[in-house]
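So this block is query17.cif, mmCIF, C-alpha atoms:
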```cif
data_run
loop_
_atom_site.label_atom_id
_atom_site.label_comp_id
_atom_site.auth_asym_id
_atom_site.auth_seq_id
_atom_site.Cartn_x
_atom_site.Cartn_y
_atom_site.Cartn_z
CA MET A 1 42.16 -24.48 7.66
CA LEU A 2 38.74 -26.01 8.09
CA PHE A 3 39.30 -25.88 11.83
CA THR A 4 40.14 -22.16 11.63
CA ALA A 5 37.04 -21.52 9.54
CA PHE A 6 34.93 -23.43 12.05
CA VAL A 7 36.32 -21.46 14.99
CA ALA A 8 35.76 -18.17 13.11
CA LEU A 9 32.16 -19.06 12.22
CA ALA A 10 31.41 -20.15 15.78
CA GLY A 11 31.84 -16.49 16.69
CA CYS A 12 28.98 -15.50 14.37
CA ARG A 13 25.83 -14.61 16.24
CA GLN A 14 22.61 -12.86 15.28
CA ASP A 15 22.37 -10.60 18.33
CA MET A 16 22.55 -7.37 16.33
CA HIS A 17 20.20 -8.82 13.75
CA ASP A 18 17.57 -9.81 16.32
CA GLN A 19 17.74 -7.20 19.02
CA PRO A 20 15.69 -7.42 22.21
CA ARG A 21 13.19 -4.82 21.06
CA PHE A 22 9.77 -4.99 19.46
CA LYS A 23 9.04 -4.12 15.88
CA PRO A 24 5.59 -2.63 15.29
CA PHE A 25 2.84 -5.17 16.06
CA ALA A 26 5.39 -7.81 17.04
CA ARG A 27 4.31 -10.66 19.27
CA SER A 28 5.10 -10.31 22.96
CA ASP A 29 4.96 -13.19 25.40
CA PHE A 30 4.95 -10.80 28.33
CA TYR A 31 1.33 -9.69 27.96
CA THR A 32 -1.54 -12.14 28.08
CA ASP A 33 -2.97 -10.93 24.76
CA LEU A 34 0.47 -11.50 23.16
CA ARG A 35 0.55 -7.96 21.78
CA SER A 36 3.57 -5.72 22.16
CA ALA A 37 1.51 -2.75 20.95
CA ARG A 38 -0.30 -1.45 24.02
CA PRO A 39 -3.42 0.69 23.92
CA PRO A 40 -2.97 4.05 25.65
CA VAL A 41 -4.49 4.41 29.12
CA GLU A 42 -8.11 5.45 28.84
CA GLY A 43 -8.51 9.19 28.74
CA THR A 44 -5.05 9.77 27.27
CA VAL A 45 -4.84 12.76 24.95
CA ALA A 46 -1.81 12.71 22.68
CA ARG A 47 -0.20 16.02 21.80
CA GLY A 48 -2.19 17.65 19.00
CA GLN A 49 -5.09 15.24 19.38
CA LEU A 50 -7.31 17.17 21.76
CA ARG A 51 -10.72 17.09 20.12
CA GLU A 52 -11.77 20.66 20.85
CA ASP A 53 -13.87 21.13 17.74
CA SER A 54 -16.57 18.52 18.27
CA TYR A 55 -18.17 19.20 14.86
CA LEU A 56 -14.90 18.31 13.11
CA TYR A 57 -14.94 14.89 14.80
CA THR A 58 -18.64 14.05 14.89
CA GLY A 59 -20.30 16.00 12.09
CA LYS A 60 -23.08 16.78 14.54
CA LEU A 61 -24.48 19.95 16.03
CA GLY A 62 -26.10 18.72 19.21
CA ASN A 63 -27.81 15.54 18.05
CA ASP A 64 -28.45 16.56 14.46
CA PRO A 65 -26.00 16.31 11.56
CA GLY A 66 -24.78 19.69 10.36
CA ASP A 67 -24.77 20.68 6.71
CA TYR A 68 -21.44 22.43 6.25
CA LEU A 69 -17.76 21.49 6.13
CA PRO A 70 -15.66 22.54 9.13
CA PHE A 71 -13.08 24.05 6.74
CA PRO A 72 -13.18 25.62 3.28
CA VAL A 73 -13.64 23.39 0.25
CA THR A 74 -10.80 23.76 -2.22
CA GLU A 75 -9.88 21.95 -5.39
CA GLU A 76 -7.09 20.15 -3.54
CA LEU A 77 -9.56 18.98 -0.92
CA LEU A 78 -11.87 17.56 -3.57
CA ALA A 79 -8.93 15.84 -5.27
CA ARG A 80 -7.93 14.35 -1.92
CA GLY A 81 -11.53 13.32 -1.36
CA GLN A 82 -11.66 11.62 -4.73
CA GLN A 83 -8.43 9.73 -4.04
CA ARG A 84 -9.59 8.60 -0.59
CA TYR A 85 -13.06 7.74 -1.90
CA ASP A 86 -11.57 5.54 -4.60
CA ILE A 87 -9.44 3.73 -2.02
CA TYR A 88 -11.91 3.17 0.79
CA CYS A 89 -15.43 3.60 -0.57
CA ALA A 90 -15.34 2.63 -4.24
CA PRO A 91 -14.84 -1.13 -3.61
CA CYS A 92 -18.50 -1.26 -2.50
CA HIS A 93 -20.09 2.04 -3.54
CA SER A 94 -18.43 2.06 -7.00
CA ARG A 95 -16.53 5.00 -8.44
CA VAL A 96 -19.71 6.85 -9.34
CA GLY A 97 -21.48 6.06 -6.08
CA ASP A 98 -24.29 3.91 -7.41
CA GLY A 99 -23.64 1.05 -4.98
CA ASN A 100 -22.52 -1.39 -7.68
CA GLY A 101 -18.94 -1.79 -6.49
CA VAL A 102 -16.86 -4.81 -7.39
CA ILE A 103 -17.06 -6.34 -3.89
CA VAL A 104 -20.83 -6.02 -3.88
CA ALA A 105 -20.91 -7.81 -7.22
CA ARG A 106 -19.12 -10.73 -5.56
CA GLY A 107 -22.26 -11.57 -3.64
CA PHE A 108 -23.33 -9.10 -1.00
CA PRO A 109 -26.77 -10.09 0.24
CA ARG A 110 -27.80 -6.41 0.07
CA LYS A 111 -26.17 -3.80 -2.09
CA PRO A 112 -25.50 -0.37 -0.62
CA PRO A 113 -27.91 2.34 -1.71
CA SER A 114 -26.98 4.64 -4.57
CA TYR A 115 -25.93 8.14 -3.48
CA HIS A 116 -28.23 9.44 -6.18
CA ILE A 117 -31.50 8.53 -4.52
CA GLU A 118 -33.63 11.38 -3.20
CA ARG A 119 -33.08 10.55 0.50
CA LEU A 120 -29.28 10.79 0.20
CA ARG A 121 -29.35 13.76 -2.14
CA GLN A 122 -31.22 15.64 0.57
CA ALA A 123 -29.07 14.30 3.44
CA PRO A 124 -26.90 16.91 5.20
CA LEU A 125 -23.10 16.63 4.89
CA GLY A 126 -22.70 15.72 8.56
CA TYR A 127 -24.83 12.63 7.96
CA PHE A 128 -22.25 11.16 5.58
CA PHE A 129 -19.49 12.01 8.03
CA ASP A 130 -21.37 10.22 10.79
CA VAL A 131 -21.90 7.11 8.64
CA ILE A 132 -18.17 6.93 7.79
CA THR A 133 -17.30 7.41 11.45
CA ASN A 134 -19.81 5.03 13.02
CA GLY A 135 -21.01 2.79 10.22
CA TYR A 136 -24.60 2.26 9.11
CA GLY A 137 -26.53 -0.96 8.58
CA SER A 138 -24.14 -3.64 7.39
CA MET A 139 -21.42 -1.08 6.62
CA THR A 140 -18.79 -1.13 9.36
CA ASP A 141 -17.20 2.05 10.61
CA TYR A 142 -14.12 3.46 8.87
CA ALA A 143 -12.93 5.56 11.79
CA THR A 144 -9.64 3.68 12.13
CA GLN A 145 -8.94 3.59 8.42
CA ILE A 146 -9.74 7.19 7.47
CA ALA A 147 -8.59 10.25 9.43
CA PRO A 148 -11.27 12.87 10.28
CA ARG A 149 -10.07 15.47 7.76
CA ASP A 150 -10.02 12.84 5.03
CA ARG A 151 -13.55 11.79 5.99
CA TRP A 152 -14.68 15.37 5.39
CA ALA A 153 -12.82 15.40 2.08
CA ILE A 154 -14.71 12.25 1.09
CA VAL A 155 -17.99 13.84 2.17
CA ALA A 156 -17.25 16.82 -0.07
CA TYR A 157 -16.46 14.48 -2.95
CA ILE A 158 -19.67 12.48 -2.44
CA ARG A 159 -21.63 15.72 -2.69
CA ALA A 160 -19.71 16.54 -5.87
CA LEU A 161 -20.58 13.10 -7.26
CA GLN A 162 -24.24 13.70 -6.47
CA LEU A 163 -24.19 17.06 -8.19
CA SER A 164 -22.35 15.66 -11.20
CA GLN A 165 -24.84 12.85 -11.74
CA ALA A 166 -27.77 15.23 -11.81
CA ALA A 167 -26.02 18.02 -13.71
CA THR A 168 -27.51 19.54 -16.83
CA SER A 169 -25.89 21.53 -19.59
CA ALA A 170 -27.13 24.66 -17.79
CA ASP A 171 -24.61 23.93 -14.98
CA VAL A 172 -21.69 24.29 -17.37
CA PRO A 173 -20.12 27.74 -17.00
CA ALA A 174 -20.74 30.05 -19.93
CA GLY A 175 -18.07 29.87 -22.61
CA GLN A 176 -17.15 26.26 -21.83
CA LYS A 177 -18.46 23.29 -23.69
CA VAL A 178 -18.87 19.73 -22.59
CA PRO A 179 -16.17 17.70 -24.34
CA SER A 180 -18.50 14.85 -25.21
CA ASP A 181 -22.02 13.74 -24.58
CA PRO A 182 -22.40 11.84 -21.32
CA PRO A 183 -23.42 8.21 -21.76
CA GLN A 184 -27.08 7.46 -21.09
CA PHE A 185 -27.78 5.00 -18.30
CA GLU A 186 -30.93 3.05 -17.60
CA GLU A 187 -30.88 4.14 -14.00
CA LEU A 188 -29.40 7.40 -12.75
CA GLY A 189 -25.78 7.05 -11.70
CA SER A 190 -25.41 3.45 -12.78
CA GLY A 191 -21.85 3.68 -13.99
CA ALA A 192 -21.32 -0.01 -13.41
CA THR A 193 -24.03 -1.03 -15.83
CA PRO A 194 -23.30 -0.61 -19.52
CA PRO A 195 -24.79 2.52 -21.07
CA VAL A 196 -27.79 2.28 -23.32
CA VAL A 197 -26.62 2.04 -26.90
CA GLU A 198 -27.75 4.99 -28.96
CA THR A 199 -29.58 3.84 -32.00
CA LYS A 200 -30.43 7.30 -33.23
CA PRO A 201 -27.75 9.37 -34.96
CA ALA A 202 -25.78 11.81 -32.82
CA ARG A 203 -27.96 13.13 -30.05
CA HIS A 204 -26.85 16.76 -30.28
CA SER A 205 -27.55 17.03 -34.00
CA ALA A 206 -30.93 18.57 -33.19
CA GLN A 207 -29.27 21.20 -31.02
CA GLU A 208 -27.13 23.98 -32.30
CA GLU A 209 -23.55 22.95 -32.74
CA PRO A 210 -21.36 25.28 -30.63
CA LYS A 211 -18.88 27.04 -32.84
CA MET B 17 66.06 -44.43 -1.50
CA GLN B 18 63.48 -42.52 -3.41
CA ILE B 19 60.16 -42.49 -1.51
CA PHE B 20 58.20 -40.13 -3.74
CA HIS B 21 57.64 -40.69 -7.40
CA ARG B 22 58.93 -38.02 -9.84
CA SER B 23 55.37 -36.84 -10.53
CA THR B 24 55.07 -35.65 -6.94
CA ASN B 25 57.16 -32.60 -7.83
CA THR B 26 54.52 -31.42 -10.26
CA LEU B 27 51.75 -32.35 -7.89
CA SER B 28 53.26 -30.35 -5.03
CA ARG B 29 53.66 -27.25 -7.22
CA ALA B 30 50.11 -27.60 -8.48
CA THR B 31 48.81 -27.90 -4.94
CA ILE B 32 50.53 -24.74 -3.75
CA TYR B 33 49.10 -22.68 -6.61
CA GLY B 34 45.83 -24.64 -6.51
CA ALA B 35 45.30 -23.67 -2.89
CA ILE B 36 44.71 -20.11 -4.03
CA PHE B 37 41.88 -21.32 -6.21
CA VAL B 38 40.50 -23.56 -3.50
CA VAL B 39 40.41 -20.65 -1.01
CA ALA B 40 38.91 -18.37 -3.65
CA ALA B 41 36.25 -20.97 -4.37
CA LEU B 42 35.40 -21.19 -0.68
CA PHE B 43 34.98 -17.43 -0.44
CA TRP B 44 32.86 -17.43 -3.58
CA ALA B 45 30.65 -20.21 -2.21
CA ALA B 46 30.26 -18.37 1.10
CA ALA B 47 29.25 -15.16 -0.72
CA GLU B 48 26.79 -17.04 -2.91
CA ILE B 49 25.17 -18.76 0.07
CA GLN B 50 24.94 -15.43 1.87
CA ARG B 51 23.03 -13.96 -1.10
CA SER B 52 20.90 -17.03 -1.72
CA PRO B 53 17.28 -17.45 -0.63
CA TYR B 54 18.63 -19.94 1.92
CA VAL B 55 19.72 -16.88 3.90
CA THR B 56 17.52 -14.06 2.50
CA TYR B 57 14.27 -16.05 2.18
CA ALA B 58 13.66 -14.19 -1.11
CA GLY B 59 10.88 -15.94 -2.99
CA VAL B 60 10.07 -18.24 -0.06
CA ARG B 61 6.35 -18.53 0.74
CA ARG B 62 6.21 -18.81 4.49
CA PRO B 63 3.34 -20.47 6.32
CA GLN B 64 0.58 -18.07 7.40
CA PRO B 65 -2.52 -18.60 9.53
CA VAL B 66 -4.73 -17.79 6.51
CA PRO B 67 -3.49 -18.28 2.92
CA PHE B 68 -4.26 -14.65 2.06
CA SER B 69 -3.93 -13.94 -1.65
CA HIS B 70 -2.70 -10.48 -2.61
CA GLN B 71 -3.25 -11.46 -6.23
CA HIS B 72 -6.97 -12.00 -5.69
CA HIS B 73 -7.52 -8.86 -3.61
CA VAL B 74 -5.31 -6.48 -5.60
CA ALA B 75 -5.46 -7.63 -9.22
CA GLY B 76 -8.75 -9.51 -9.02
CA LEU B 77 -10.80 -6.99 -7.05
CA GLY B 78 -8.80 -3.80 -7.56
CA ILE B 79 -8.48 -2.93 -3.88
CA ASP B 80 -5.87 -0.25 -3.25
CA CYS B 81 -2.84 -1.13 -1.07
CA ARG B 82 -3.88 1.60 1.37
CA TYR B 83 -7.29 0.08 2.06
CA CYS B 84 -5.49 -2.30 4.43
CA HIS B 85 -2.02 -0.80 4.84
CA THR B 86 -3.45 2.48 6.08
CA SER B 87 -0.38 4.04 7.68
CA VAL B 88 2.06 3.55 4.80
CA GLU B 89 1.96 7.22 3.74
CA THR B 90 2.40 8.72 7.18
CA SER B 91 4.34 6.24 9.27
CA SER B 92 7.50 4.18 9.24
CA PHE B 93 5.33 1.07 9.38
CA ALA B 94 2.90 0.28 6.57
CA GLY B 95 0.44 -1.30 8.99
CA ILE B 96 -0.97 -4.80 9.16
CA PRO B 97 -4.76 -4.53 9.07
CA PRO B 98 -6.69 -5.51 12.17
CA THR B 99 -9.12 -8.42 11.76
CA LYS B 100 -11.93 -5.89 11.55
CA THR B 101 -10.65 -4.70 8.17
CA CYS B 102 -11.09 -8.26 6.84
CA MET B 103 -14.56 -8.35 8.32
CA ASN B 104 -15.57 -5.11 6.57
CA CYS B 105 -16.24 -7.37 3.59
CA HIS B 106 -16.09 -10.89 5.00
CA ALA B 107 -18.98 -10.28 7.35
CA GLN B 108 -20.95 -10.19 4.08
CA ILE B 109 -19.22 -12.51 1.63
CA TRP B 110 -17.59 -15.93 2.08
CA THR B 111 -19.12 -15.97 5.54
CA ASN B 112 -18.98 -19.76 5.74
CA ALA B 113 -15.64 -20.36 4.03
CA ALA B 114 -13.54 -22.81 6.04
CA LEU B 115 -10.35 -20.99 5.02
CA LEU B 116 -11.59 -17.89 6.82
CA GLU B 117 -12.41 -19.67 10.09
CA PRO B 118 -9.26 -18.24 11.81
CA VAL B 119 -10.39 -14.73 10.79
CA ARG B 120 -13.88 -15.17 12.24
CA GLU B 121 -12.43 -16.77 15.36
CA SER B 122 -10.05 -13.83 15.78
CA TYR B 123 -12.90 -11.35 15.33
CA LYS B 124 -15.08 -13.13 17.87
CA SER B 125 -12.41 -13.67 20.49
CA GLY B 126 -10.49 -10.42 19.99
CA LYS B 127 -7.21 -12.35 19.69
CA SER B 128 -4.86 -11.17 16.96
CA LEU B 129 -4.09 -13.33 13.97
CA VAL B 130 -0.41 -14.21 14.23
CA TRP B 131 1.00 -13.51 10.78
CA THR B 132 4.59 -14.29 9.87
CA ARG B 133 6.51 -11.14 8.95
CA VAL B 134 7.63 -11.55 5.35
CA ASN B 135 9.68 -8.45 4.61
CA ASP B 136 11.80 -8.49 7.73
CA LEU B 137 14.75 -6.12 7.89
CA PRO B 138 17.57 -6.74 10.34
CA ASP B 139 17.05 -4.84 13.59
CA PHE B 140 20.12 -2.66 13.07
CA ALA B 141 18.61 -1.07 9.96
CA TYR B 142 16.21 1.87 10.34
CA PHE B 143 13.57 1.99 7.66
CA ASN B 144 10.67 4.37 7.11
CA HIS B 145 7.93 3.63 4.57
CA SER B 146 6.45 7.12 4.41
CA ILE B 147 9.58 8.87 3.17
CA HIS B 148 9.97 6.36 0.33
CA ILE B 149 6.32 6.65 -0.70
CA ASN B 150 6.45 10.45 -0.64
CA LYS B 151 9.64 10.62 -2.71
CA GLY B 152 8.19 8.48 -5.49
CA VAL B 153 9.37 4.94 -4.78
CA GLY B 154 6.68 2.58 -6.01
CA CYS B 155 5.40 -0.25 -3.83
CA ASN B 156 6.48 -2.84 -6.34
CA THR B 157 9.93 -1.32 -6.75
CA CYS B 158 10.82 -3.03 -3.48
CA HIS B 159 8.00 -5.52 -2.91
CA GLY B 160 7.87 -6.92 -6.43
CA PRO B 161 4.69 -7.84 -8.29
CA VAL B 162 2.50 -8.23 -5.18
CA ASP B 163 -0.57 -8.21 -7.43
CA ARG B 164 0.71 -11.45 -8.93
CA MET B 165 1.50 -13.16 -5.63
CA PRO B 166 -1.15 -15.69 -4.58
CA LEU B 167 0.98 -16.25 -1.48
CA MET B 168 3.18 -13.49 -0.15
CA TYR B 169 6.94 -13.62 -0.40
CA ASN B 170 9.71 -11.06 -0.30
CA GLN B 171 11.01 -10.27 -3.74
CA ALA B 172 14.18 -8.49 -2.68
CA SER B 173 17.08 -9.84 -0.67
CA LEU B 174 16.64 -6.87 1.72
CA GLN B 175 20.41 -6.84 2.08
CA MET B 176 22.50 -3.71 2.28
CA GLU B 177 23.86 -4.00 -1.25
CA TRP B 178 20.27 -4.07 -2.48
CA CYS B 179 19.35 -0.92 -0.53
CA LEU B 180 22.45 0.86 -1.76
CA GLU B 181 21.77 -0.03 -5.37
CA CYS B 182 18.91 2.48 -5.27
CA HIS B 183 20.35 4.93 -2.73
CA ARG B 184 23.40 5.38 -4.98
CA ALA B 185 21.30 6.12 -8.07
CA PRO B 186 17.70 6.97 -7.07
CA GLU B 187 16.97 8.45 -10.51
CA LYS B 188 16.95 4.92 -11.94
CA HIS B 189 13.93 3.96 -9.84
CA LEU B 190 11.74 6.99 -9.07
CA ARG B 191 8.27 7.45 -10.54
CA PRO B 192 5.64 10.19 -10.24
CA ARG B 193 3.94 10.22 -6.83
CA ASP B 194 0.52 9.49 -8.28
CA GLN B 195 1.88 6.23 -9.73
CA VAL B 196 3.42 4.91 -6.51
CA PHE B 197 0.50 2.60 -5.75
CA ASN B 198 0.00 1.56 -9.37
CA MET B 199 1.09 -2.06 -9.48
CA ARG B 200 1.15 -2.11 -13.29
CA TYR B 201 3.15 1.09 -13.73
CA GLU B 202 5.62 0.89 -16.58
CA GLU B 203 8.83 2.85 -16.81
CA PRO B 204 8.77 5.49 -19.55
CA SER B 205 9.66 4.25 -22.99
CA GLU B 206 9.53 5.57 -26.54
CA SER B 207 6.18 3.90 -27.11
CA LYS B 208 4.74 4.72 -23.67
CA PRO B 209 5.97 8.07 -22.40
CA VAL B 210 5.23 9.11 -18.83
CA GLU B 211 3.92 12.64 -18.44
CA VAL B 212 4.84 14.85 -15.49
CA ASP B 213 3.64 18.47 -15.31
CA GLY B 214 2.72 18.30 -18.98
CA LYS B 215 6.17 17.16 -20.05
CA PRO B 216 6.42 13.71 -21.63
CA TYR B 217 9.45 11.61 -20.69
CA THR B 218 10.60 8.69 -22.78
CA ASP B 219 13.44 7.35 -20.63
CA GLN B 220 13.75 6.57 -16.95
CA VAL B 221 16.96 8.45 -16.21
CA SER B 222 15.74 11.82 -17.48
CA LEU B 223 12.42 11.34 -15.67
CA GLY B 224 14.20 10.22 -12.51
CA THR B 225 16.68 13.09 -12.61
CA ASP B 226 13.85 15.61 -12.79
CA LEU B 227 11.90 13.86 -10.04
CA VAL B 228 14.97 13.92 -7.78
CA LYS B 229 14.85 17.72 -8.09
CA LYS B 230 11.08 18.03 -7.95
CA TYR B 231 10.70 15.89 -4.83
CA LYS B 232 13.78 17.50 -3.25
CA LEU B 233 15.69 14.30 -2.55
CA ARG B 234 18.74 14.61 -0.33
CA THR B 235 22.05 14.21 -2.11
CA VAL B 236 23.46 10.76 -2.80
CA THR B 237 26.17 11.49 -0.22
CA ASP B 238 23.46 12.07 2.37
CA ILE B 239 21.37 9.03 1.61
CA THR B 240 24.35 6.71 1.42
CA SER B 241 25.88 7.89 4.68
CA CYS B 242 25.97 5.22 7.41
CA SER B 243 23.72 7.04 9.85
CA THR B 244 20.88 7.38 7.35
CA CYS B 245 19.94 3.76 7.96
CA HIS B 246 22.04 2.75 10.99
CA ARG B 247 20.85 5.10 13.69
#
```

Mind turning this structure into structure tokens?
Amino acid sequence: MLFTAFVALAGCRQDMHDQPRFKPFARSDFYTDLRSARPPVEGTVARGQLREDSYLYTGKLGNDPGDYLPFPVTEELLARGQQRYDIYCAPCHSRVGDGNGVIVARGFPRKPPSYHIERLRQAPLGYFFDVITNGYGSMTDYATQIAPRDRWAIVAYIRALQLSQAATSADVPAGQKVPSDPPQFEELGSGATPPVVETKPARHSAQEEPK
Amino acid sequence: MQIFHRSTNTLSRATIYGAIFVVAALFWAAAEIQRSPYVTYAGVRRPQPVPFSHQHHVAGLGIDCRYCHTSVETSSFAGIPPTKTCMNCHAQIWTNAALLEPVRESYKSGKSLVWTRVNDLPDFAYFNHSIHINKGVGCNTCHGPVDRMPLMYNQASLQMEWCLECHRAPEKHLRPRDQVFNMRYEEPSESKPVEVDGKPYTDQVSLGTDLVKKYKLRTVTDITSCSTCHR
């Protein structure tokens, strides 16, 4: 019986299990760089990837950054921008964009600037797109990690963050009330630092209570 | 002359019936070995060029899965980050760490780091990450608590019976799409309901059944047919 079992098992092979094909990013001994994934021949344009609209892919008009989005801003786009921002940007720039992200706190020699400084509040939208695409200073480019449309969504969200951090109660549409008082920070947009503790009684007591 | 002792009669009967048990035991042992980590590598930490800790990067720093595995939502392959992704941060921090020498070397020379594939399906099985992500299968449903893995290992056996366990009853495993990448997601319970479209759910099956409809999953017959995975 053992002999039969041995003969039967000798027929077992892993040929179907390990087929002579490459899985994504598998090692190949055929090419000198050992990569089975080959870069396309230079100048290749894949179907649907012809970059006709240069503004969509560079954020620039001529040499200067433009100040509009190449497609309409919708609520979905901002939500997408927020999601992508939180994935790719927040580790360093923090969720409120003050440059106090968790990675920075682990010992970056220089922290990224806050989005809420005057220079960046005045910067055109295309500037942010260009920085995501090509990097800036010690920030590397995110062109391979974030698709162009998502980069624009992030740009829109950054602008929304900037507006939100400098918003006043006058920006709230009539008939709506702010659910709670925003916390007070020592420096504008410093969500990563603890808010200043209010020692006075409720701040809005002096104002009229909305009924 | 009597060669065999009287007890041999009993012994011979016992052996004939006992053979059934012996054969059954052999089959059982074979099945157990086939399902064991000896074959599936489940729970085995395999050697890697850099002892990358998912626990540190995910739970410790709060980096989203997609920061590195960029193509998981749109492609069959989740994507192994290029060395440049490591250097996005490690050009700034831990720049002299000896553990990261292979990473810096790879970045300088342009040679890929040769990682060992951990979740390796057999080549006759077709698998697509994006469809699972978009239908509400959480990362840790299949990959286990990656945010608690200092060294990577595959949690599941990745065998067909394991795939079918979910394909036969997807409602037992689905979660809302916005919770797919949440490594600490908890199934709905009486004390912690999960809300979808304003409706709170307190048990997994009723949530899952509604998500099956909402995300337009194919029927169980479709997703358990041979050619779904063996193309």

Report task. Could you list, as an NGL selection string, the residues of chain A having an atom within 9 Å of chain B when counting all atoms listed in the file? Result -> :A and (16-19 or 21 or 23-27 or 33-35 or 86-88 or 90-92 or 102-104 or 106-110 or 138-142 or 144-146)

Query raised in the report: Which residues match the PyMOL selection byres ((chain B and resi 58-69) around 6) in the file above, as number ranges by chain?
Result: B: 53, 56-57, 70-72, 131, 166-167, 169-173

So that all listed atoms of range 58-64 of chain B fit with 4 Å spare on each side, what axis-aligned box centre and edge lengths in Å, to one decimal, would you give as AutoDock Vina command-line options?
```
--center_x 7.1 --center_y -17.3 --center_z 2.2 --size_x 21.1 --size_y 14.3 --size_z 18.4
```

Requested in this report: Compile the contact shell of Pro113 in chain A as a list of chain:residue names: residues with an atom at most 12 Å away, counting all atoms listed in the file, same-chain residues fewer than 5 positions apart removed.
Outcome: A:Cys92, A:His93, A:Ser94, A:Gly97, A:Asp98, A:Gly99, A:Asn100, A:Gly101, A:Val104, A:Glu118, A:Arg119, A:Leu120, A:Arg121, A:Tyr136, A:Gly137, A:Ser138, A:Met139, A:Gly189, A:Ser190

Query raised in the report: Suppose you want the space between CA of Leu78 in chain A and CA of Val131 in chain A; what is it in Å?
Result: 18.9 Å
